[in-house]
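Here is my_file.pdb, consisting of PDB, C-alpha atoms, pLDDT in the B column:
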```pdb
MODEL        1
ATOM      1  CA  MET A   1    -184.925 116.211 -67.613  1.00 44.00           C
ATOM      2  CA  ALA A   2    -186.956 119.203 -66.449  1.00 52.00           C
ATOM      3  CA  SER A   3    -186.051 122.573 -67.941  1.00 62.00           C
ATOM      4  CA  THR A   4    -187.116 125.784 -66.232  1.00 73.00           C
ATOM      5  CA  GLU A   5    -189.808 127.756 -67.995  1.00 84.00           C
ATOM      6  CA  THR A   6    -189.786 131.539 -68.318  1.00 92.00           C
ATOM      7  CA  TYR A   7    -192.987 133.527 -67.883  1.00 96.00           C
ATOM      8  CA  ILE A   8    -193.174 137.116 -69.089  1.00 97.00           C
ATOM      9  CA  ALA A   9    -195.677 139.834 -68.200  1.00 97.00           C
ATOM     10  CA  GLN A  10    -196.123 143.425 -69.332  1.00 95.00           C
ATOM     11  CA  SER A  11    -195.319 146.008 -66.677  1.00 93.00           C
ATOM     12  CA  PRO A  12    -198.338 147.892 -65.283  1.00 92.00           C
ATOM     13  CA  ASP A  13    -196.336 151.133 -65.572  1.00 87.00           C
ATOM     14  CA  ILE A  14    -196.564 151.403 -69.352  1.00 90.00           C
ATOM     15  CA  ALA A  15    -198.894 152.616 -72.075  1.00 91.00           C
ATOM     16  CA  ALA A  16    -198.698 150.712 -75.365  1.00 93.00           C
ATOM     17  CA  SER A  17    -200.205 151.126 -78.797  1.00 91.00           C
ATOM     18  CA  THR A  18    -199.877 149.006 -81.932  1.00 87.00           C
ATOM     19  CA  LEU A  19    -199.211 150.762 -85.242  1.00 81.00           C
ATOM     20  CA  GLY A  20    -199.430 148.301 -88.118  1.00 91.00           C
ATOM     21  CA  ASP A  21    -197.100 145.445 -87.183  1.00 89.00           C
ATOM     22  CA  ASP A  22    -195.078 147.535 -84.735  1.00 91.00           C
ATOM     23  CA  THR A  23    -195.734 148.565 -81.152  1.00 94.00           C
ATOM     24  CA  ILE A  24    -194.906 151.811 -79.397  1.00 86.00           C
ATOM     25  CA  ILE A  25    -194.521 151.606 -75.635  1.00 93.00           C
ATOM     26  CA  MET A  26    -194.167 154.503 -73.231  1.00 82.00           C
ATOM     27  CA  SER A  27    -192.928 153.996 -69.711  1.00 84.00           C
ATOM     28  CA  THR A  28    -195.097 156.156 -67.459  1.00 79.00           C
ATOM     29  CA  LEU A  29    -192.291 156.228 -64.904  1.00 76.00           C
ATOM     30  CA  ASP A  30    -189.886 158.318 -66.992  1.00 73.00           C
ATOM     31  CA  SER A  31    -191.670 158.779 -70.350  1.00 72.00           C
ATOM     32  CA  THR A  32    -189.110 156.729 -72.238  1.00 81.00           C
ATOM     33  CA  ILE A  33    -190.411 155.622 -75.637  1.00 83.00           C
ATOM     34  CA  PHE A  34    -189.718 152.117 -76.984  1.00 91.00           C
ATOM     35  CA  MET A  35    -190.545 150.758 -80.427  1.00 84.00           C
ATOM     36  CA  LEU A  36    -190.843 147.041 -81.121  1.00 95.00           C
ATOM     37  CA  ASN A  37    -190.698 145.453 -84.567  1.00 95.00           C
ATOM     38  CA  SER A  38    -193.193 142.872 -85.855  1.00 96.00           C
ATOM     39  CA  VAL A  39    -191.668 139.820 -84.150  1.00 97.00           C
ATOM     40  CA  GLY A  40    -191.141 141.784 -80.948  1.00 97.00           C
ATOM     41  CA  THR A  41    -194.797 142.824 -81.104  1.00 96.00           C
ATOM     42  CA  ALA A  42    -195.940 139.187 -81.400  1.00 97.00           C
ATOM     43  CA  ILE A  43    -193.985 138.319 -78.240  1.00 97.00           C
ATOM     44  CA  TRP A  44    -195.149 141.470 -76.439  1.00 96.00           C
ATOM     45  CA  LYS A  45    -198.836 140.841 -77.169  1.00 90.00           C
ATOM     46  CA  ALA A  46    -198.603 137.300 -75.807  1.00 97.00           C
ATOM     47  CA  ALA A  47    -196.850 138.366 -72.586  1.00 97.00           C
ATOM     48  CA  ASP A  48    -199.728 137.619 -70.217  1.00 94.00           C
ATOM     49  CA  GLY A  49    -197.635 136.263 -67.357  1.00 96.00           C
ATOM     50  CA  ALA A  50    -199.279 132.851 -67.609  1.00 96.00           C
ATOM     51  CA  THR A  51    -197.951 131.533 -70.939  1.00 95.00           C
ATOM     52  CA  PRO A  52    -194.363 130.235 -70.940  1.00 96.00           C
ATOM     53  CA  LEU A  53    -191.980 131.907 -73.394  1.00 96.00           C
ATOM     54  CA  SER A  54    -191.301 128.606 -75.170  1.00 96.00           C
ATOM     55  CA  ARG A  55    -195.024 128.282 -75.926  1.00 85.00           C
ATOM     56  CA  ILE A  56    -195.276 131.903 -77.081  1.00 97.00           C
ATOM     57  CA  VAL A  57    -192.418 131.247 -79.505  1.00 97.00           C
ATOM     58  CA  GLY A  58    -193.890 127.954 -80.729  1.00 96.00           C
ATOM     59  CA  GLU A  59    -197.502 129.059 -81.066  1.00 92.00           C
ATOM     60  CA  LYS A  60    -197.138 132.720 -82.016  1.00 90.00           C
ATOM     61  CA  VAL A  61    -193.719 133.442 -83.525  1.00 97.00           C
ATOM     62  CA  CYS A  62    -193.102 130.185 -85.414  1.00 97.00           C
ATOM     63  CA  ALA A  63    -196.734 130.008 -86.539  1.00 96.00           C
ATOM     64  CA  GLU A  64    -196.635 133.508 -88.005  1.00 90.00           C
ATOM     65  CA  PHE A  65    -193.014 133.857 -89.157  1.00 96.00           C
ATOM     66  CA  ASP A  66    -190.706 131.691 -91.238  1.00 93.00           C
ATOM     67  CA  VAL A  67    -188.125 130.655 -88.629  1.00 95.00           C
ATOM     68  CA  ALA A  68    -186.754 127.581 -86.871  1.00 97.00           C
ATOM     69  CA  GLU A  69    -187.967 127.222 -83.288  1.00 91.00           C
ATOM     70  CA  ASP A  70    -184.520 127.012 -81.658  1.00 90.00           C
ATOM     71  CA  ARG A  71    -183.357 130.219 -83.344  1.00 86.00           C
ATOM     72  CA  ALA A  72    -186.611 132.019 -82.519  1.00 98.00           C
ATOM     73  CA  LEU A  73    -186.370 130.950 -78.870  1.00 95.00           C
ATOM     74  CA  ALA A  74    -182.757 132.124 -78.534  1.00 97.00           C
ATOM     75  CA  ASP A  75    -183.664 135.503 -80.074  1.00 97.00           C
ATOM     76  CA  ALA A  76    -186.765 135.784 -77.880  1.00 98.00           C
ATOM     77  CA  GLU A  77    -184.773 135.135 -74.697  1.00 93.00           C
ATOM     78  CA  GLU A  78    -182.306 137.881 -75.644  1.00 90.00           C
ATOM     79  CA  PHE A  79    -185.172 140.252 -76.524  1.00 97.00           C
ATOM     80  CA  VAL A  80    -187.023 139.553 -73.275  1.00 94.00           C
ATOM     81  CA  ALA A  81    -183.860 140.211 -71.262  1.00 96.00           C
ATOM     82  CA  GLN A  82    -183.525 143.616 -72.986  1.00 88.00           C
ATOM     83  CA  LEU A  83    -187.127 144.573 -72.190  1.00 93.00           C
ATOM     84  CA  ALA A  84    -186.762 143.396 -68.592  1.00 94.00           C
ATOM     85  CA  GLN A  85    -183.642 145.539 -68.259  1.00 82.00           C
ATOM     86  CA  HIS A  86    -185.694 148.567 -69.308  1.00 84.00           C
ATOM     87  CA  GLY A  87    -188.384 147.672 -66.768  1.00 91.00           C
ATOM     88  CA  ILE A  88    -191.257 147.324 -69.235  1.00 89.00           C
ATOM     89  CA  LEU A  89    -191.486 143.538 -68.941  1.00 90.00           C
ATOM     90  CA  SER A  90    -191.221 141.313 -65.883  1.00 93.00           C
ATOM     91  CA  VAL A  91    -189.646 137.870 -66.110  1.00 94.00           C
ATOM     92  CA  SER A  92    -190.478 135.070 -63.698  1.00 92.00           C
ATOM     93  CA  ALA A  93    -189.881 131.350 -63.307  1.00 94.00           C
ATOM     94  CA  GLN A  94    -193.464 130.986 -62.045  1.00 84.00           C
ATOM     95  CA  PRO A  95    -196.706 131.793 -63.893  1.00 92.00           C
ATOM     96  CA  ALA A  96    -198.617 134.803 -62.615  1.00 81.00           C
ATOM     97  CA  SER A  97    -201.875 134.094 -60.831  1.00 69.00           C
ATOM     98  CA  PRO A  98    -205.016 135.035 -62.832  1.00 57.00           C
ATOM     99  CA  ARG A  99    -205.431 138.121 -60.611  1.00 43.00           C
ATOM    100  CA  GLU A 100    -201.867 139.269 -61.326  1.00 53.00           C
ATOM    101  CA  ALA A 101    -202.191 138.540 -65.039  1.00 52.00           C
ATOM    102  CA  LEU A 102    -205.091 140.982 -65.428  1.00 44.00           C
TER     103      LEU A 102
ATOM    104  CA  GLU B   1    -204.599 128.591-100.195  1.00 54.00           C
ATOM    105  CA  ALA B   2    -200.855 129.076-100.534  1.00 60.00           C
ATOM    106  CA  ALA B   3    -203.313 132.089 -96.715  1.00 59.00           C
ATOM    107  CA  THR B   4    -200.719 129.737 -95.227  1.00 67.00           C
ATOM    108  CA  ALA B   5    -197.623 131.714 -96.272  1.00 83.00           C
ATOM    109  CA  LYS B   6    -195.530 132.851 -93.317  1.00 85.00           C
ATOM    110  CA  LYS B   7    -194.094 136.335 -92.973  1.00 89.00           C
ATOM    111  CA  PRO B   8    -190.322 136.764 -93.291  1.00 95.00           C
ATOM    112  CA  TYR B   9    -188.626 136.554 -89.901  1.00 96.00           C
ATOM    113  CA  VAL B  10    -186.716 139.453 -88.394  1.00 92.00           C
ATOM    114  CA  LYS B  11    -184.892 139.317 -85.092  1.00 92.00           C
ATOM    115  CA  PRO B  12    -187.104 140.841 -82.364  1.00 96.00           C
ATOM    116  CA  GLU B  13    -185.664 144.113 -81.152  1.00 83.00           C
ATOM    117  CA  VAL B  14    -186.305 147.410 -79.413  1.00 81.00           C
TER     118      VAL B  14
ENDMDL
END
```
I need this file expressed as structure tokens, please.
Amino acid sequence: MASTETYIAQSPDIAASTLGDDTIIMSTLDSTIFMLNSVGTAIWKAADGATPLSRIVGEKVCAEFDVAEDRALADAEEFVAQLAQHGILSVSAQPASPREAL
Amino acid sequence: EAATAKKPYVKPEV
């Protein structure tokens, strides 16, 4: 039973900075400011376009935070959809090539 | 050792 993987990558049209556990992101397209909390930051940092979301949740979120994997994955999928809607994260069913991931 | 403690989870959000 093959399930489809989700690959997430940071948009090239953003500037991001980490402050403590949080991250501030500015879209250079319209200067909108976004702030991510600590768990959001863990997902954001791992969004390299080549690592599937399920692995990011298992290896980053569940390793660092006290949470069950199924709950963390459901929350992460919702979070990723929000970021994609704002255009600061791209979501794909295929991993990005190494050139694209840079 | 109890270095191994995990941080409390919060739902990821913007």
For the structure provided, state which residues fall under the PyMOL selection byres ((chain A and resi 91) around 7), and present them as a PDB file with C-alpha atoms, keeping the file's coordinate frame.
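Output file expr23.pdb follows:
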```pdb
ATOM      1  CA  THR A   6    -189.786 131.539 -68.318  1.00 92.00           C
ATOM      2  CA  TYR A   7    -192.987 133.527 -67.883  1.00 96.00           C
ATOM      3  CA  ILE A   8    -193.174 137.116 -69.089  1.00 97.00           C
ATOM      4  CA  ALA A   9    -195.677 139.834 -68.200  1.00 97.00           C
ATOM      5  CA  ALA A  84    -186.762 143.396 -68.592  1.00 94.00           C
ATOM      6  CA  LEU A  89    -191.486 143.538 -68.941  1.00 90.00           C
ATOM      7  CA  SER A  90    -191.221 141.313 -65.883  1.00 93.00           C
ATOM      8  CA  SER A  92    -190.478 135.070 -63.698  1.00 92.00           C
TER       9      SER A  92
END
```
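Taking CA of Ala50 (chain A) as the reference point, CA of Tyr9 (chain B) is found at 25.0 Å.
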Exercise for the section: Pull the neighbourhood of (-192.2, 145.6, -65.9) for me: all residues within 12 Å in file coordinates, counting only C-alpha atoms, as a PyMOL selection string. Expected result: chain A and resi 8-15+25-29+44+47-49+80-92
Against chain A, which residues of chain B fall within 8 Å? For each one I want the closest pair of atoms and the distance in Å (one decimal), counting all atoms listed in the file, rows by chain and increasing residue number, as CSV.
```
residue,atom,partner,partner_atom,distance
B:Lys6,CA,A:Phe65,CA,5.0
B:Lys7,CA,A:Phe65,CA,4.7
B:Pro8,CA,A:Asp66,CA,5.5
B:Tyr9,CA,A:Phe65,CA,5.2
B:Val10,CA,A:Val39,CA,6.5
B:Lys11,CA,A:Asp75,CA,6.4
B:Pro12,CA,A:Gly40,CA,4.4
B:Glu13,CA,A:Leu36,CA,5.9
B:Val14,CA,A:Leu36,CA,4.9
```
Exercise for the section: Can you work out the spacing between CA of Gly20 (chain A) and CA of Ile56 (chain A) in Å, to one decimal? Expected result: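 About the pair CA of Gly20 (chain A) and CA of Ile56 (chain A): they are 20.2 Å apart.
The space separating CA of Ala16 (chain A) from CA of Lys45 (chain A) comes to 10.0 Å.
Using all atoms listed in the file for every distance, the candidate list A:Leu19, A:Thr32, A:Thr4, A:Glu69 yields A:Thr4 as the residue closest to Ala93 (chain A).
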With 3 Å added on each side, what axis-aligned box encloses every listed atom of region 5-10 of chain B? Give the centre and edge lengths in Å to one decimal, as AutoDock Vina command-line options.
```
--center_x -192.2 --center_y 135.6 --center_z -92.3 --size_x 16.9 --size_y 13.7 --size_z 13.9
```
Practice task
For the point (-191.0, 126.0, -68.8) in the file's frame, write as a PyMOL selection string all residues with an atom no more than 10 Å away, counting only C-alpha atoms.
Solution key: chain A and resi 2-7+51-55+93-95
